[in-house]
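> Contents are mmCIF, C-alpha atoms; file name run_19.cif:
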data_run
#
loop_
_atom_site.group_PDB
_atom_site.id
_atom_site.type_symbol
_atom_site.label_atom_id
_atom_site.label_comp_id
_atom_site.auth_asym_id
_atom_site.auth_seq_id
_atom_site.Cartn_x
_atom_site.Cartn_y
_atom_site.Cartn_z
ATOM 1 C CA MET A 3 -2.254 -18.603 -16.266
ATOM 2 C CA ASN A 4 -3.740 -15.084 -16.281
ATOM 3 C CA LYS A 5 -2.288 -12.306 -14.147
ATOM 4 C CA ASP A 6 -4.981 -12.522 -11.438
ATOM 5 C CA LYS A 7 -4.261 -16.251 -11.013
ATOM 6 C CA GLN A 8 -0.506 -15.551 -10.976
ATOM 7 C CA LEU A 9 -1.046 -13.006 -8.197
ATOM 8 C CA GLN A 10 -3.197 -15.450 -6.217
ATOM 9 C CA LYS A 11 -0.522 -18.136 -6.597
ATOM 10 C CA LEU A 12 2.199 -15.673 -5.586
ATOM 11 C CA ASN A 13 0.264 -14.718 -2.442
ATOM 12 C CA ASP A 14 -0.446 -18.359 -1.567
ATOM 13 C CA ASP A 15 3.192 -19.383 -2.119
ATOM 14 C CA MET A 16 4.604 -16.427 -0.191
ATOM 15 C CA ASN A 17 2.235 -17.032 2.719
ATOM 16 C CA ALA A 18 3.445 -20.640 2.902
ATOM 17 C CA LEU A 19 7.111 -19.548 2.780
ATOM 18 C CA CYS A 20 7.021 -16.333 4.830
ATOM 19 C CA ALA A 21 8.994 -16.618 8.061
ATOM 20 C CA CYS A 22 7.436 -13.522 9.665
ATOM 21 C CA THR A 23 6.871 -14.102 13.384
ATOM 22 C CA LEU A 24 3.620 -12.094 13.184
ATOM 23 C CA LYS A 25 2.118 -15.149 11.502
ATOM 24 C CA LYS A 26 1.923 -16.852 14.918
ATOM 25 C CA THR A 27 -0.358 -14.228 16.458
ATOM 26 C CA ALA A 28 -2.423 -13.204 13.402
ATOM 27 C CA ILE A 29 -5.865 -14.678 12.699
ATOM 28 C CA ASN A 30 -5.568 -14.288 8.921
ATOM 29 C CA VAL A 31 -2.974 -13.351 6.361
ATOM 30 C CA VAL A 32 -3.795 -10.074 4.584
ATOM 31 C CA PRO A 33 -1.876 -10.271 1.281
ATOM 32 C CA GLY A 34 -3.709 -7.491 -0.537
ATOM 33 C CA LYS A 35 -6.734 -6.965 -2.729
ATOM 34 C CA GLY A 36 -7.590 -5.477 -6.085
ATOM 35 C CA SER A 37 -6.604 -5.706 -9.714
ATOM 36 C CA ALA A 38 -3.461 -7.517 -10.836
ATOM 37 C CA ASP A 39 -3.458 -5.023 -13.736
ATOM 38 C CA ALA A 40 -3.698 -1.940 -11.518
ATOM 39 C CA GLN A 41 -1.960 1.263 -12.594
ATOM 40 C CA ILE A 42 -1.907 2.379 -8.964
ATOM 41 C CA MET A 43 -0.703 0.379 -5.977
ATOM 42 C CA PHE A 44 -1.423 1.680 -2.484
ATOM 43 C CA ILE A 45 0.798 0.403 0.316
ATOM 44 C CA GLY A 46 -0.047 0.835 3.983
ATOM 45 C CA GLU A 47 1.942 -0.229 7.013
ATOM 46 C CA ALA A 48 0.217 -3.316 8.440
ATOM 47 C CA PRO A 49 -3.230 -4.875 8.794
ATOM 48 C CA GLY A 50 -5.342 -3.727 11.734
ATOM 49 C CA LYS A 51 -7.815 -5.667 13.879
ATOM 50 C CA LYS A 52 -10.690 -5.663 11.353
ATOM 51 C CA GLU A 53 -8.346 -6.539 8.457
ATOM 52 C CA ASP A 54 -6.915 -9.443 10.468
ATOM 53 C CA GLU A 55 -10.415 -10.760 11.196
ATOM 54 C CA ILE A 56 -11.551 -10.568 7.558
ATOM 55 C CA GLY A 57 -8.267 -11.159 5.694
ATOM 56 C CA GLU A 58 -8.601 -8.047 3.525
ATOM 57 C CA PRO A 59 -6.773 -4.707 3.712
ATOM 58 C CA PHE A 60 -8.467 -1.404 4.538
ATOM 59 C CA VAL A 61 -11.896 -2.675 5.567
ATOM 60 C CA GLY A 62 -12.472 -0.406 8.582
ATOM 61 C CA ALA A 63 -13.234 3.317 8.795
ATOM 62 C CA ALA A 64 -9.945 4.222 7.067
ATOM 63 C CA GLY A 65 -10.867 1.875 4.224
ATOM 64 C CA LYS A 66 -14.262 3.507 3.855
ATOM 65 C CA PHE A 67 -12.571 6.906 3.597
ATOM 66 C CA LEU A 68 -10.094 5.488 1.057
ATOM 67 C CA SER A 69 -13.038 4.327 -1.085
ATOM 68 C CA GLU A 70 -14.513 7.848 -0.867
ATOM 69 C CA LEU A 71 -11.172 9.340 -1.913
ATOM 70 C CA LEU A 72 -10.943 6.950 -4.870
ATOM 71 C CA ALA A 73 -14.430 8.025 -5.979
ATOM 72 C CA THR A 74 -13.227 11.652 -6.141
ATOM 73 C CA ILE A 75 -10.888 10.613 -8.991
ATOM 74 C CA ASN A 76 -13.416 8.227 -10.598
ATOM 75 C CA LEU A 77 -11.817 5.013 -9.356
ATOM 76 C CA LYS A 78 -13.149 2.022 -7.438
ATOM 77 C CA ARG A 79 -11.293 -0.414 -5.208
ATOM 78 C CA GLU A 80 -11.376 -2.968 -8.047
ATOM 79 C CA ASP A 81 -9.318 -0.567 -10.208
ATOM 80 C CA ILE A 82 -6.345 -0.406 -7.838
ATOM 81 C CA TYR A 83 -4.286 -2.831 -5.770
ATOM 82 C CA ILE A 84 -3.901 -2.263 -2.063
ATOM 83 C CA THR A 85 -1.568 -4.036 0.309
ATOM 84 C CA ASN A 86 0.689 -3.431 3.289
ATOM 85 C CA VAL A 87 4.400 -3.536 4.034
ATOM 86 C CA VAL A 88 3.744 -6.491 6.379
ATOM 87 C CA LYS A 89 1.046 -9.047 5.649
ATOM 88 C CA TYR A 90 0.074 -10.003 9.213
ATOM 89 C CA ARG A 91 -1.327 -7.877 12.039
ATOM 90 C CA PRO A 92 1.162 -6.834 14.717
ATOM 91 C CA PRO A 93 -0.257 -7.490 18.225
ATOM 92 C CA ASN A 94 -2.268 -4.536 19.573
ATOM 93 C CA ASN A 95 -1.648 -2.682 16.286
ATOM 94 C CA ARG A 96 1.911 -1.832 17.317
ATOM 95 C CA ASP A 97 4.390 -0.709 14.647
ATOM 96 C CA PRO A 98 5.994 -3.623 12.803
ATOM 97 C CA LEU A 99 9.550 -4.366 13.923
ATOM 98 C CA PRO A 100 12.396 -4.011 11.381
ATOM 99 C CA GLU A 101 12.819 -7.809 11.210
ATOM 100 C CA GLU A 102 9.076 -8.248 10.504
ATOM 101 C CA VAL A 103 9.305 -5.719 7.666
ATOM 102 C CA ALA A 104 12.389 -7.566 6.368
ATOM 103 C CA ASP A 105 10.571 -10.931 6.539
ATOM 104 C CA CYS A 106 7.747 -9.603 4.329
ATOM 105 C CA GLN A 107 9.990 -7.561 2.010
ATOM 106 C CA LEU A 108 10.417 -10.152 -0.757
ATOM 107 C CA TRP A 109 6.649 -10.716 -0.843
ATOM 108 C CA LEU A 110 5.976 -7.003 -1.391
ATOM 109 C CA GLN A 111 8.721 -6.802 -4.036
ATOM 110 C CA GLU A 112 7.213 -9.743 -5.927
ATOM 111 C CA GLN A 113 3.758 -8.137 -5.804
ATOM 112 C CA ILE A 114 5.160 -4.884 -7.213
ATOM 113 C CA ASN A 115 7.038 -6.724 -9.965
ATOM 114 C CA LEU A 116 4.011 -8.803 -10.990
ATOM 115 C CA ILE A 117 1.454 -5.971 -10.915
ATOM 116 C CA ASP A 118 3.974 -3.462 -12.348
ATOM 117 C CA PRO A 119 2.014 -0.340 -11.364
ATOM 118 C CA VAL A 120 2.641 3.031 -12.996
ATOM 119 C CA LEU A 121 2.438 4.706 -9.564
ATOM 120 C CA ILE A 122 3.077 3.402 -6.032
ATOM 121 C CA ILE A 123 1.415 5.332 -3.227
ATOM 122 C CA PRO A 124 2.844 4.756 0.246
ATOM 123 C CA LEU A 125 0.166 5.647 2.802
ATOM 124 C CA GLY A 126 1.631 7.233 5.911
ATOM 125 C CA ARG A 127 5.073 7.690 7.384
ATOM 126 C CA HIS A 128 5.969 4.028 7.882
ATOM 127 C CA ALA A 129 5.244 3.016 4.292
ATOM 128 C CA LEU A 130 6.993 6.156 3.010
ATOM 129 C CA GLU A 131 10.085 5.331 5.094
ATOM 130 C CA ARG A 132 10.207 1.887 3.485
ATOM 131 C CA PHE A 133 10.585 3.375 -0.013
ATOM 132 C CA VAL A 134 11.851 6.921 0.444
ATOM 133 C CA PRO A 135 13.918 6.829 3.654
ATOM 134 C CA GLY A 136 14.566 9.944 5.690
ATOM 135 C CA ARG A 137 11.507 11.859 4.469
ATOM 136 C CA LYS A 138 8.731 13.245 6.669
ATOM 137 C CA ILE A 139 5.130 12.686 5.629
ATOM 138 C CA SER A 140 4.180 16.078 7.112
ATOM 139 C CA GLU A 141 6.598 17.766 4.688
ATOM 140 C CA ASP A 142 6.448 15.408 1.716
ATOM 141 C CA HIS A 143 2.767 14.473 1.362
ATOM 142 C CA GLY A 144 1.537 15.329 -2.121
ATOM 143 C CA ARG A 145 5.025 14.936 -3.621
ATOM 144 C CA ALA A 146 6.180 12.383 -6.168
ATOM 145 C CA PHE A 147 9.598 10.735 -5.956
ATOM 146 C CA ARG A 148 11.345 8.696 -8.640
ATOM 147 C CA ARG A 149 13.567 6.120 -6.931
ATOM 148 C CA GLU A 150 15.628 3.095 -7.858
ATOM 149 C CA ILE A 151 14.721 0.432 -5.291
ATOM 150 C CA ASP A 152 16.537 -2.882 -4.893
ATOM 151 C CA GLY A 153 14.366 -5.694 -6.153
ATOM 152 C CA VAL A 154 11.813 -3.521 -7.986
ATOM 153 C CA GLY A 155 13.893 -1.176 -10.144
ATOM 154 C CA LYS A 156 13.030 2.426 -10.955
ATOM 155 C CA ARG A 157 9.585 3.425 -9.702
ATOM 156 C CA VAL A 158 7.542 6.544 -9.023
ATOM 157 C CA PHE A 159 6.224 6.970 -5.472
ATOM 158 C CA TYR A 160 3.615 9.517 -4.424
ATOM 159 C CA ALA A 161 3.501 10.216 -0.698
ATOM 160 C CA LEU A 162 0.103 10.500 0.986
ATOM 161 C CA TYR A 163 -1.092 10.670 4.550
ATOM 162 C CA HIS A 164 -2.692 7.435 5.701
ATOM 163 C CA PRO A 165 -6.502 7.772 5.536
ATOM 164 C CA ALA A 166 -6.645 6.857 9.244
ATOM 165 C CA ALA A 167 -4.734 10.071 10.030
ATOM 166 C CA ALA A 168 -7.710 12.088 8.742
ATOM 167 C CA LEU A 169 -10.020 10.178 11.088
ATOM 168 C CA TYR A 170 -7.959 11.309 14.082
ATOM 169 C CA ASN A 171 -7.129 14.774 12.764
ATOM 170 C CA GLY A 172 -10.001 16.279 10.776
ATOM 171 C CA SER A 173 -7.805 19.013 9.291
ATOM 172 C CA LEU A 174 -5.954 16.357 7.273
ATOM 173 C CA ARG A 175 -9.144 15.369 5.454
ATOM 174 C CA ASP A 176 -8.989 18.336 3.054
ATOM 175 C CA THR A 177 -5.235 17.815 2.624
ATOM 176 C CA LEU A 178 -5.812 14.210 1.569
ATOM 177 C CA ILE A 179 -8.609 15.197 -0.836
ATOM 178 C CA THR A 180 -6.341 17.843 -2.429
ATOM 179 C CA ASP A 181 -3.374 15.442 -2.677
ATOM 180 C CA PHE A 182 -5.614 12.720 -4.112
ATOM 181 C CA ALA A 183 -6.875 15.065 -6.830
ATOM 182 C CA ARG A 184 -3.317 15.221 -8.250
ATOM 183 C CA ILE A 185 -3.069 11.458 -8.875
ATOM 184 C CA PRO A 186 -4.510 11.439 -12.443
ATOM 185 C CA LYS A 187 -2.145 14.273 -13.493
ATOM 186 C CA ILE A 188 0.852 12.426 -12.063
ATOM 187 C CA ILE A 189 -0.073 9.245 -13.960
ATOM 188 C CA ASP A 190 -0.497 11.242 -17.186
ATOM 189 C CA LYS A 191 2.936 12.812 -16.691
ATOM 190 C CA ILE A 192 4.602 9.442 -16.005
ATOM 191 C CA GLU A 193 3.014 7.897 -19.092
ATOM 192 C CA LYS A 194 4.095 10.816 -21.305
ATOM 193 C CA GLU A 195 7.671 10.516 -20.046
ATOM 194 C CA SER A 196 7.896 6.776 -20.692
#
Turn this file's structure into structure tokens for me.

Amino acid sequence: MNKDKQLQKLNDDMNALCACTLKKTAINVVPGKGSADAQIMFIGEAPGKKEDEIGEPFVGAAGKFLSELLATINLKREDIYITNVVKYRPPNNRDPLPEEVADCQLWLQEQINLIDPVLIIPLGRHALERFVPGRKISEDHGRAFRREIDGVGKRVFYALYHPAAALYNGSLRDTLITDFARIPKIIDKIEKES
């Protein structure tokens, strides 16, 4: 079984097993999308309304901006893998509860272990808190952190604002573009060190 099929099976199996209560109110599961061989894995907080309707992550305005950002470093959505901390939409786009994050935690760990990305990019404060607790996105965006995380081992995380933040606050657009431009250099550095 090739890696793409393994990832599809993982997502199907985890969806069947996941005890997350958000499953009851969601229209669709949103496991993630992209390459099972991705060097870069982007992780948001939770699916929104449009993602829930379609079953794919980052399909609204924030997703369009993410695609534009990827193009600035010569990447397409097919080159990366994108998912969320929770795989089902919280009602009214509220923040996921700690128990909902915990219910989806094993699923995210298994995705990280299977894809084995060189770089994990948490998008926004909630995703950053999941991997690098106690940090503030306003202070730590554009910074890389090497962390040992239970279930996934030693990984490099690069904190970025969520693309949606730039839609609400135009001044963050240039910040995101600048932070995005550093991604290829960070990957080069990681690969040289390993």
> May I have the residues within 8 Å of range 116-122 of chain A as a ChimeraX atom specification, using only C-alpha atoms and disregarding those fewer than 3 positions away in the same chain?
/A:5,9,38-45,112-113,157-160,189,192-193
> For each of A:Gly155, A:Lys138, A:Leu108, A:Glu131, take the minimum atom-to-atom distance to Leu19 in chain A, counting all atoms listed in the file, then give the residue where this is smallest.
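Of the candidates, the smallest distance to Leu19 in chain A is held by A:Leu108.
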> With 4 Å of padding per side, what axis-aligned box (centre and edge lengths, Å, one decimal) covers all the listed atoms of range 24-33 of chain A? Give it as lines of an AutoDock Vina configuration file.

center_x = -1.1
center_y = -13.5
center_z = 8.9
size_x = 17.5
size_y = 14.8
size_z = 23.2
> In terms of the shortest atom-to-atom distance over all atoms listed in the file, which of A:Asp105, A:Asn13, A:Ala21, A:Arg91 is closest to Lys51 in chain A?
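Among the listed residues, the smallest separation from Lys51 in chain A belongs to A:Arg91.
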> Given the file above and the PyMOL selection byres ((chain A and resi 172-176) around 12), which residues are selected, and can you give them as a ChimeraX atom specification?
/A:64,67-68,70-71,126,139-140,143,162-171,177-183
> For CA of Phe147 in chain A and CA of Val103 in chain A, determine how far apart the two atoms are, in Å to one decimal place.
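Computed distance, CA of Phe147 in chain A to CA of Val103 in chain A, equals 21.4 Å.
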> For CA of Asn86 in chain A and CA of Lys26 in chain A, quote the distance in Å rounded to one decimal.
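Computed distance, CA of Asn86 in chain A to CA of Lys26 in chain A, equals 17.8 Å.
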> So how far away is CA of Ile114 in chain A from CA of Ala28 in chain A, in Å?
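Computing the Euclidean distance for CA of Ala28 in chain A and CA of Ile114 in chain A yields 23.5 Å.
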> Go through the shown structure with the PyMOL selection byres ((chain A and resi 58) around 7) and write out the matching residues as a ChimeraX atom specification.
/A:32,34-35,53,56-57,59-61
> Name the residues that the PyMOL selection byres ((chain A and resi 132) around 10) pulls out of this structure, and write them as a list of chain:residue names.
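With the shown file as input, the PyMOL selection byres ((chain A and resi 132) around 10) matches A:Glu47, A:Val87, A:Val103, A:Gln107, A:Pro124, A:Arg127, A:His128, A:Ala129, A:Leu130, A:Glu131, A:Phe133, A:Val134, A:Pro135, A:Gly136, A:Ile151.
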> Could you check which of A:Val88, A:Lys156, A:Gln8, A:Ile75 is closest to Glu101 in chain A, using only C-alpha atoms?
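Of A:Val88, A:Lys156, A:Gln8, A:Ile75, the one nearest Glu101 in chain A is A:Val88, counting only C-alpha atoms.
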